[in-house]
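K.L.:
Got a structure for you, written out below as C-alpha cells; questions coming shortly.
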Amino acid sequence: MQTENSCIVIFGASGDLTHRKLIPALYNLFKIGRLGEHFSVLGVARSELNDETFRQKMREALIKNEDTTDETLDEFCRHLYYQAVNTADAADYAKLVPRLADLHHQYQTDGNTLYYMSTPPSLYGVIPECLAAHGLNTEENGWKRIIVEKPFGYDEKTAQVLDVQIHRFFEEHQIYRIDHYLGKETVQNLLVLRFSNGWFEPLWNRNFIDYVEITGAESIGVEERGGYYDGSGAMRDMFQNHLLQVLAMVAMEPPAIINADSMRDEVAKVMHCLRPLTQEDVEHNLVLGQYIAGDVNGERVKGYLEEKGVPADSRTETYMALRCEIENWRWAGVPFYVRTGKRLPARVTEIVIHFKTTPHPVFSQNAPENKLIIRIQPDEGISMRFGLKKPGAGFEAKEVSMDFRYADLAGAQVLTAYERLLLDAMKGDATLFARTDAVHAAWQFVQPILDYKANGGRIHEYEAGTWGPVAADKLIARQGKVWRKPSGLMKKKV
Ligand code: BG6
C-alpha cells in the first residue's frame with residue numbers, strides 16, 4: 001500500500017532523533033517501496049546547512065546505522081532538503097512558504113504536509129503558532145498534520161497548557177502524539193492475541209488472573225542524555241507514557257470496531273479506571289531507585305550521579321516499581337506490578353499474565369503456575385507455561401512451555417516502530433497515536449508520584465547490573481510473589 005503523497009517537514013533536523021530514528025525509518029520505507037516517488041523531506045533547524053550539507057550528514061548517519069546500498073541511498077537522498085530557520089521566531093518561518101510551495105509543485109504532493117516536532121519540548125507550543133502565522137496550518141490546500149514527540153507536558157498542568165497552545169492552531173484530528181511503544185509490532189499483536197482467539201478472552205479477567213507483571217528493563221544508562229533525563233526520570237521517561245500504554249493494551253475492553261476512535265476510547269477508559277494513588281500507595285506500593293556504580297554484563301559502569309550532565313546531588317529516579325489496580329468489573333482487585341529501570345541486567349520488555357492456581361492441589365503442593373509471557377522485545381514472542389507430569393513414578397508436576405517466536409515467521413517483514421508510525425501519520429490513521437484524554441488521565445494518575453518525589457520521598461539505591469532496589473522485591477513479596485527474572489525466555493528452536 002502506498003501512502004498519500006506528502007512533504008515531511010522535520011523540525012529539529014540536526015538533532016539526535018532525526019539521525020538515529022526518523023531518517024533511517026524514512027529510508028527503510030523508501031527502500032521497500034512504501035513511500036513511492038512523490039515525497040520530499042524538508043529538514044528545518046537553526047544550523048546554517050544547505051540541501052547538500054544536510055544530505056551529506058544524513059547519508060553519513062545512514063551508512064553508519066543502516067544496511068544501505070549506494071543506489072538506494074543516492075535516490076533517497078535526492079528527496080532530502082534543508083531550510084535554516086530560527087524556530088522560535090515567527091517572522092523567520094516566512095522562508096518556509098516558498099520552499100514548501102516549490103517542493104509540493106516539484107513532487108506533486110498537493111500541499112499535503114506532515115510536520116514532525118523533534119525539537120526540545122519548549123518549542124512544542126511555539127512551532128504551531130509560528131506555522132499558523134503564515135497560514136501553514138490550514139487544510140484548504142492539502143492536509144496538514146503535526147506529530148508531537150514525547151514528553152507531552154511535564155505534568156498534568158503543563159500538558160493542558162500545551163494542549164491549549166496546539167489546539168489554537170491545529171484541530172485534534174491533525175495532531176499525532178507519538179508514543180513509539182504503540183508502533184511496536186508486538187504491542188499491536190497483543191490486541192490480536194486477545195481479541196481474535198476464543199481461548200484467551202474468557203480467561204482474561206479477575207476470575208482467572210491472579211496478577212499481572214509488566215517490565216520495561218534497560219541495561220543502558222543515560223548515555224549522552226543526562227541533561228534531559230535528569231529533568232525527567234524513569235517515571236516521566238518510560239512509565240507515564242510507554243508502560244501505561246502497554247498496560248492499557250493488556251487491560252482494555254475489545255473495541256467495537258478497529259478504528260482510531262473506538263480503539264482510543266477503550267484505552268482512555270482504562271486510564272480513567274486506574275485507581276487513584278493514595279498517600280498509603282505512594283509510601284508502600286511505590287519504589288523509586290537510582291543506580292550506583294556496578295557491573296553490567298561484565299563491564300564496570302558509573303553510578304547515575306557520575307554521569308555527564310547529572311548534578312551530583314540529583315534525586316532523579318532511574319528505577320520505578322508500582323503496584324496499581326484498575327477499578328472496573330474486569331479487573332477489580334487484580335494487582336498490576338509495573339517496573340522500569342536503567343542499568344538493569346538486560347534489555348527486556350515483557351508482560352507476564354499470572355493465572356490463578358487450581359482450587360485444590362490434587363497432585364502436589366507446588367504445582368507450577370500457569371502463566372502467559374508476552375515478550376515485547378527483544379527475542380519477540382509468546383510463551384505459555386503450564387504443568388505436566390514429570391516422567392517416572394508418582395504424579396509430580398513440572399513446568400513446561402509452548403513457545404512462539406517471531407523470528408520463526410519466515411519472510412515476515414516487520415516494520416520498526418517509527419517506520420510504522422510515520423507511515424500511519426502519512427495515511428491519516430491515528431489509531432496508534434495517543435489521544436489527549438488518555439494522556440491527561442495518565443498525568444492525573446501519576447501526579448501523586450510527582451508530589452511524593454517533590455516532597456522528599458525516598459529514592460533507594462541499587463547497584464548497576466542488579467534488578468533494582470531490594471525494596472522492590474519486598475513490594476511484590478508482600479503478596480507472596482517474586483518478580484520474574486526475564487532472562488532466556490524463549491528456548492531457541494532446535
Ligand atoms: C525512550 C526513552 O522514549 O524510550 C529512552 O526516552 C528509552 O530513555 C527508550 O531508552 C526505550 O525505547 P526502546 O524502544 O529501546 O525500548
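Chain lettering (A, B, ...) mirrors the order of the C-alpha cells, residue numbering begins at 1 for each chain separately, and ligand numbering begins at 1 in order of display.
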Which residues, written as a list in words, have at least one atom at most 10 Å from stretch 125-134 of chain A, with only C-alpha atoms counted and residues fewer than 5 positions away on the same chain left out?
P.N.:
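The residues that qualify are Phe11, Thr87, Ala88, Asp89, Ala90, Ala91, Asp92, Tyr93, Ala94, Lys95, Leu96, Val97, Tyr115, Met117, Thr119, Ile146, Val148, Val161, Leu162, Asp163, Val164, Gln165, Ile166, His167, Arg168, Phe169 and Phe170 of chain A.
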K.L.:
Go ahead and write the residues just picked, C-alpha atoms, as a PDB file, in the first residue's frame.
P.N.:
```pdb
ATOM      1  CA  PHE A  11      11.804  20.457  12.975  1.00  0.00           C
ATOM      2  CA  THR A  87      12.407  28.074  15.064  1.00  0.00           C
ATOM      3  CA  ALA A  88      11.483  30.428  17.877  1.00  0.00           C
ATOM      4  CA  ASP A  89      10.937  33.408  15.575  1.00  0.00           C
ATOM      5  CA  ALA A  90       7.596  33.539  13.724  1.00  0.00           C
ATOM      6  CA  ALA A  91       8.882  36.008  11.118  1.00  0.00           C
ATOM      7  CA  ASP A  92      11.613  33.594  10.062  1.00  0.00           C
ATOM      8  CA  TYR A  93       9.004  30.972   9.099  1.00  0.00           C
ATOM      9  CA  ALA A  94       8.279  33.110   6.036  1.00  0.00           C
ATOM     10  CA  LYS A  95      11.209  31.238   4.467  1.00  0.00           C
ATOM     11  CA  LEU A  96       9.172  28.044   4.603  1.00  0.00           C
ATOM     12  CA  VAL A  97       6.380  29.366   2.416  1.00  0.00           C
ATOM     13  CA  TYR A 115       5.179  18.389  10.410  1.00  0.00           C
ATOM     14  CA  MET A 117       8.345  18.317  16.072  1.00  0.00           C
ATOM     15  CA  THR A 119      12.843  19.689  18.926  1.00  0.00           C
ATOM     16  CA  ILE A 146       1.585  17.604  13.173  1.00  0.00           C
ATOM     17  CA  VAL A 148       4.361  15.777  18.682  1.00  0.00           C
ATOM     18  CA  VAL A 161      -1.320  24.282  28.617  1.00  0.00           C
ATOM     19  CA  LEU A 162       0.420  22.582  25.710  1.00  0.00           C
ATOM     20  CA  ASP A 163      -2.872  21.157  24.503  1.00  0.00           C
ATOM     21  CA  VAL A 164      -4.436  24.595  24.502  1.00  0.00           C
ATOM     22  CA  GLN A 165      -1.443  26.061  22.657  1.00  0.00           C
ATOM     23  CA  ILE A 166      -1.529  23.430  19.926  1.00  0.00           C
ATOM     24  CA  HIS A 167      -5.320  23.367  19.663  1.00  0.00           C
ATOM     25  CA  ARG A 168      -5.372  27.086  18.930  1.00  0.00           C
ATOM     26  CA  PHE A 169      -3.845  26.320  15.543  1.00  0.00           C
ATOM     27  CA  PHE A 170      -4.404  22.623  14.849  1.00  0.00           C
TER      28      PHE A 170
END
```
K.L.:
Write out as a ChimeraX atom specification each polymer residue whose atoms come within 10 Å of A:Lys302, counting only C-alpha atoms; drop sequence neighbours fewer than 5 positions from it.
P.N.:
/A:221,291-295,307,343,463-464
K.L.:
Could you dump the residues just selected with all heavy atoms as a compact mmCIF listing (two decimals), in the first residue's frame?
P.N.:
```txt
# COMPACT_ATOMS: atom_id res chain seq x y z
N GLY A 221 22.62 3.00 30.44
CA GLY A 221 22.42 4.06 31.42
C GLY A 221 21.77 5.24 30.72
O GLY A 221 21.01 5.06 29.77
N TYR A 291 20.59 4.24 40.29
CA TYR A 291 21.71 3.28 40.26
C TYR A 291 23.02 3.90 40.76
O TYR A 291 23.29 5.08 40.54
CB TYR A 291 21.89 2.62 38.90
CG TYR A 291 22.19 3.51 37.71
CD1 TYR A 291 23.48 3.94 37.43
CD2 TYR A 291 21.17 3.87 36.84
CE1 TYR A 291 23.76 4.72 36.32
CE2 TYR A 291 21.43 4.66 35.73
CZ TYR A 291 22.72 5.09 35.47
OH TYR A 291 22.98 5.87 34.38
N ILE A 292 23.76 3.07 41.44
CA ILE A 292 25.13 3.43 41.80
C ILE A 292 26.05 2.54 40.94
O ILE A 292 25.56 1.66 40.24
CB ILE A 292 25.40 3.22 43.32
CG1 ILE A 292 25.08 1.78 43.74
CG2 ILE A 292 24.58 4.20 44.15
CD1 ILE A 292 25.53 1.44 45.15
N ALA A 293 27.34 2.81 41.01
CA ALA A 293 28.28 2.07 40.13
C ALA A 293 28.12 0.55 40.32
O ALA A 293 27.73 0.08 41.39
CB ALA A 293 29.70 2.48 40.47
N GLY A 294 28.41 -0.18 39.28
CA GLY A 294 28.29 -1.64 39.36
C GLY A 294 28.75 -2.28 38.06
O GLY A 294 29.30 -1.60 37.19
N ASP A 295 28.49 -3.56 37.93
CA ASP A 295 28.89 -4.28 36.72
C ASP A 295 27.66 -4.66 35.92
O ASP A 295 26.77 -5.33 36.44
CB ASP A 295 29.62 -5.58 37.08
CG ASP A 295 30.95 -5.27 37.76
OD1 ASP A 295 31.67 -4.40 37.25
OD2 ASP A 295 31.23 -5.87 38.81
N GLU A 307 27.28 10.47 36.00
CA GLU A 307 27.02 10.58 34.55
C GLU A 307 27.11 12.04 34.12
O GLU A 307 26.78 12.94 34.89
CB GLU A 307 25.61 10.06 34.20
CG GLU A 307 25.36 8.60 34.55
CD GLU A 307 25.84 7.63 33.47
OE1 GLU A 307 26.62 8.04 32.60
OE2 GLU A 307 25.44 6.45 33.56
N ARG A 343 20.13 0.52 33.60
CA ARG A 343 21.25 -0.22 34.20
C ARG A 343 20.78 -1.46 34.97
O ARG A 343 21.30 -1.77 36.04
CB ARG A 343 22.07 0.69 35.13
CG ARG A 343 22.92 1.71 34.38
CD ARG A 343 24.01 1.05 33.59
NE ARG A 343 24.97 1.97 33.00
CZ ARG A 343 25.50 1.81 31.79
NH1 ARG A 343 25.17 0.79 31.03
NH2 ARG A 343 26.38 2.66 31.35
N GLU A 463 22.51 -1.22 42.86
CA GLU A 463 23.78 -1.36 42.15
C GLU A 463 23.50 -1.60 40.66
O GLU A 463 22.60 -2.40 40.33
CB GLU A 463 24.51 -2.56 42.73
CG GLU A 463 26.00 -2.46 42.58
CD GLU A 463 26.66 -3.62 43.32
OE1 GLU A 463 26.45 -3.75 44.55
OE2 GLU A 463 27.34 -4.39 42.64
N ALA A 464 24.20 -0.90 39.78
CA ALA A 464 24.03 -1.16 38.35
C ALA A 464 24.27 -2.64 38.09
O ALA A 464 25.16 -3.25 38.69
CB ALA A 464 25.03 -0.31 37.55
```
K.L.:
From the options A:Asp403, A:Asp379, A:Asp237, A:Glu327, which residue's atoms come nearest to ligand 1, counting only C-alpha atoms and all ligand atoms?
P.N.:
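Using only C-alpha atoms and all ligand atoms, the shortest distance to ligand 1 belongs to A:Asp237.
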K.L.:
What does the structure give for the distance between atom CA of A:Trp143 and atom CA of A:Thr113, in Å to one decimal?
P.N.:
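For atom CA of A:Trp143 relative to atom CA of A:Thr113, the distance reads 6.2 Å.
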K.L.:
Please list as a list in words every residue within 8 Å of A:His272, counting only C-alpha atoms and excluding residues in the same chain fewer than 6 positions away.
P.N.:
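The residues that qualify are Ala438, Ala441 and Ala442 of chain A.
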K.L.:
List the neighbours of A:Gln377 out to 8 Å using only C-alpha atoms; skip same-chain residues closer than 3 positions along the sequence, and give me the result as a list in words.
P.N.:
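Listing them by chain and then by number gives Thr186, Arg347, Val348, Thr349, Glu350 and Glu380 of chain A.
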K.L.:
Counting only C-alpha atoms, what is within 12 Å of A:Gly428, bar same-chain residues fewer than 5 positions away, as a list in words?
P.N.:
Thr3, Glu4, Asn5, Ser6, Asn112, Thr113, Leu114, Trp143, Lys144, Arg145, Ile146, Ile147, His173, Gln174, Ile175, Tyr176, Asn259, Ala260, Leu421, Leu422, Leu423 and Phe433 of chain A
K.L.:
Can you list every residue in stretch 102-233 of chain A that DSSP puts in strand (DSSP E or B), as a VMD selection string?
P.N.:
chain A and resid 113 to 117 144 to 148 175 to 177 209 to 217
K.L.:
Looking only at the backbone, which of the residues in stretch 128-282 of chain A does DSSP tag as alpha helix (DSSP H), as a ChimeraX atom specification?
P.N.:
/A:128-132,156-167,185-195,200-203,226-230,233-234,244-251,260-273,279-282
K.L.:
Env of A:Leu288: 9 Å cut, atoms = only C-alpha atoms, seq-sep filter 5 positions within chain, self excluded. Answer as a JSON list (two decimals) with N, CA, C and O atoms, in the first residue's frame.
P.N.:
```
[["chain", "number", "residue", "atom", "x", "y", "z"],
["A", 234, "ALA", "N", 12.68, 8.08, 35.42],
["A", 234, "ALA", "CA", 12.02, 6.88, 34.88],
["A", 234, "ALA", "C", 10.50, 7.08, 34.79],
["A", 234, "ALA", "O", 9.86, 6.57, 33.87],
["A", 235, "MET", "N", 9.96, 7.81, 35.73],
["A", 235, "MET", "CA", 8.51, 7.97, 35.74],
["A", 235, "MET", "C", 8.02, 8.69, 34.49],
["A", 235, "MET", "O", 7.13, 8.22, 33.79],
["A", 316, "THR", "N", 16.90, 12.31, 40.99],
["A", 316, "THR", "CA", 16.08, 11.76, 39.90],
["A", 316, "THR", "C", 16.12, 10.23, 39.94],
["A", 316, "THR", "O", 17.18, 9.63, 40.10],
["A", 317, "GLU", "N", 14.95, 9.63, 39.78],
["A", 317, "GLU", "CA", 14.89, 8.17, 39.84],
["A", 317, "GLU", "C", 15.21, 7.56, 38.47],
["A", 317, "GLU", "O", 14.76, 8.06, 37.44],
["A", 318, "THR", "N", 16.01, 6.51, 38.49],
["A", 318, "THR", "CA", 16.31, 5.78, 37.25],
["A", 318, "THR", "C", 15.60, 4.43, 37.28],
["A", 318, "THR", "O", 15.77, 3.62, 36.37],
["A", 319, "TYR", "N", 14.83, 4.20, 38.34],
["A", 319, "TYR", "CA", 14.08, 2.95, 38.50],
["A", 319, "TYR", "C", 12.76, 3.29, 39.16],
["A", 319, "TYR", "O", 12.70, 4.18, 40.03],
["A", 320, "MET", "N", 11.75, 2.58, 38.76],
["A", 320, "MET", "CA", 10.46, 2.77, 39.43],
["A", 320, "MET", "C", 9.68, 1.46, 39.39],
["A", 320, "MET", "O", 9.67, 0.76, 38.37],
["A", 321, "ALA", "N", 9.08, 1.11, 40.50],
["A", 321, "ALA", "CA", 8.18, -0.05, 40.53],
["A", 321, "ALA", "C", 6.91, 0.38, 41.24],
["A", 321, "ALA", "O", 6.96, 1.12, 42.23],
["A", 322, "LEU", "N", 5.78, -0.07, 40.72],
["A", 322, "LEU", "CA", 4.50, 0.35, 41.30],
["A", 322, "LEU", "C", 3.52, -0.81, 41.27],
["A", 322, "LEU", "O", 3.44, -1.56, 40.29],
["A", 453, "LYS", "N", 7.71, 12.62, 45.13],
["A", 453, "LYS", "CA", 9.12, 12.92, 44.82],
["A", 453, "LYS", "C", 9.47, 14.34, 45.26],
["A", 453, "LYS", "O", 10.48, 14.58, 45.91],
["A", 457, "GLY", "N", 10.26, 12.29, 48.92],
["A", 457, "GLY", "CA", 10.04, 10.83, 49.02],
["A", 457, "GLY", "C", 11.34, 10.06, 48.82],
["A", 457, "GLY", "O", 12.26, 10.54, 48.15],
["A", 458, "ARG", "N", 11.38, 8.87, 49.34],
["A", 458, "ARG", "CA", 12.65, 8.12, 49.38],
["A", 458, "ARG", "C", 13.08, 7.62, 47.99],
["A", 458, "ARG", "O", 12.28, 7.08, 47.23],
["A", 459, "ILE", "N", 14.36, 7.80, 47.70],
["A", 459, "ILE", "CA", 14.94, 7.24, 46.47],
["A", 459, "ILE", "C", 15.94, 6.17, 46.94],
["A", 459, "ILE", "O", 16.94, 6.50, 47.58],
["A", 460, "HIS", "N", 15.69, 4.93, 46.61],
["A", 460, "HIS", "CA", 16.56, 3.84, 47.06],
["A", 460, "HIS", "C", 17.74, 3.68, 46.10],
["A", 460, "HIS", "O", 17.58, 3.85, 44.90],
["A", 461, "GLU", "N", 18.86, 3.29, 46.64],
["A", 461, "GLU", "CA", 20.00, 2.99, 45.75],
["A", 461, "GLU", "C", 19.89, 1.57, 45.24],
["A", 461, "GLU", "O", 19.36, 0.70, 45.92],
["A", 469, "PRO", "N", 16.22, -1.95, 43.38],
["A", 469, "PRO", "CA", 16.35, -1.92, 44.83],
["A", 469, "PRO", "C", 15.68, -3.11, 45.51],
["A", 469, "PRO", "O", 14.68, -3.63, 45.01],
["A", 471, "ALA", "N", 13.96, -2.97, 47.99],
["A", 471, "ALA", "CA", 12.59, -2.56, 48.38],
["A", 471, "ALA", "C", 11.56, -3.01, 47.35],
["A", 471, "ALA", "O", 10.41, -3.27, 47.69],
["A", 472, "ALA", "N", 11.98, -3.11, 46.08],
["A", 472, "ALA", "CA", 11.03, -3.53, 45.05],
["A", 472, "ALA", "C", 10.70, -5.01, 45.21],
["A", 472, "ALA", "O", 9.58, -5.45, 44.94]]
```
K.L.:
Which residue out of A:Arg99, A:Arg275, A:His19, A:Arg225 has the minimum interatomic distance to ligand 1 when only C-alpha atoms and all ligand atoms are used?
P.N.:
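Checking each candidate against ligand 1, we get A:Arg225 as the closest.
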K.L.:
Closest to A:Leu432 among A:Glu140, A:Tyr82, A:Val187, A:Ile8, using only C-alpha atoms?
P.N.:
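Of the candidates, the smallest distance to A:Leu432 is held by A:Val187.
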K.L.:
Have a look at A:Lys398, A:His354, A:Arg330, A:Arg177 and name the one nearest to A:Thr431; count only C-alpha atoms.
P.N.:
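When distances to A:Thr431 are compared using only C-alpha atoms, the smallest one comes from A:Arg177.
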K.L.:
Could you list, as JSON, numbers by chain, every residue within 7 Å of A:Arg46, counting only C-alpha atoms and ignoring same-chain residues fewer than 4 positions away?
P.N.:
{"A": [84, 85, 86, 87]}
K.L.:
With only C-alpha atoms and all ligand atoms as the basis for distance, which of A:Ile220, A:Val352, A:Leu22, A:Leu193 is at the shortest distance from ligand 1?
P.N.:
A:Ile220
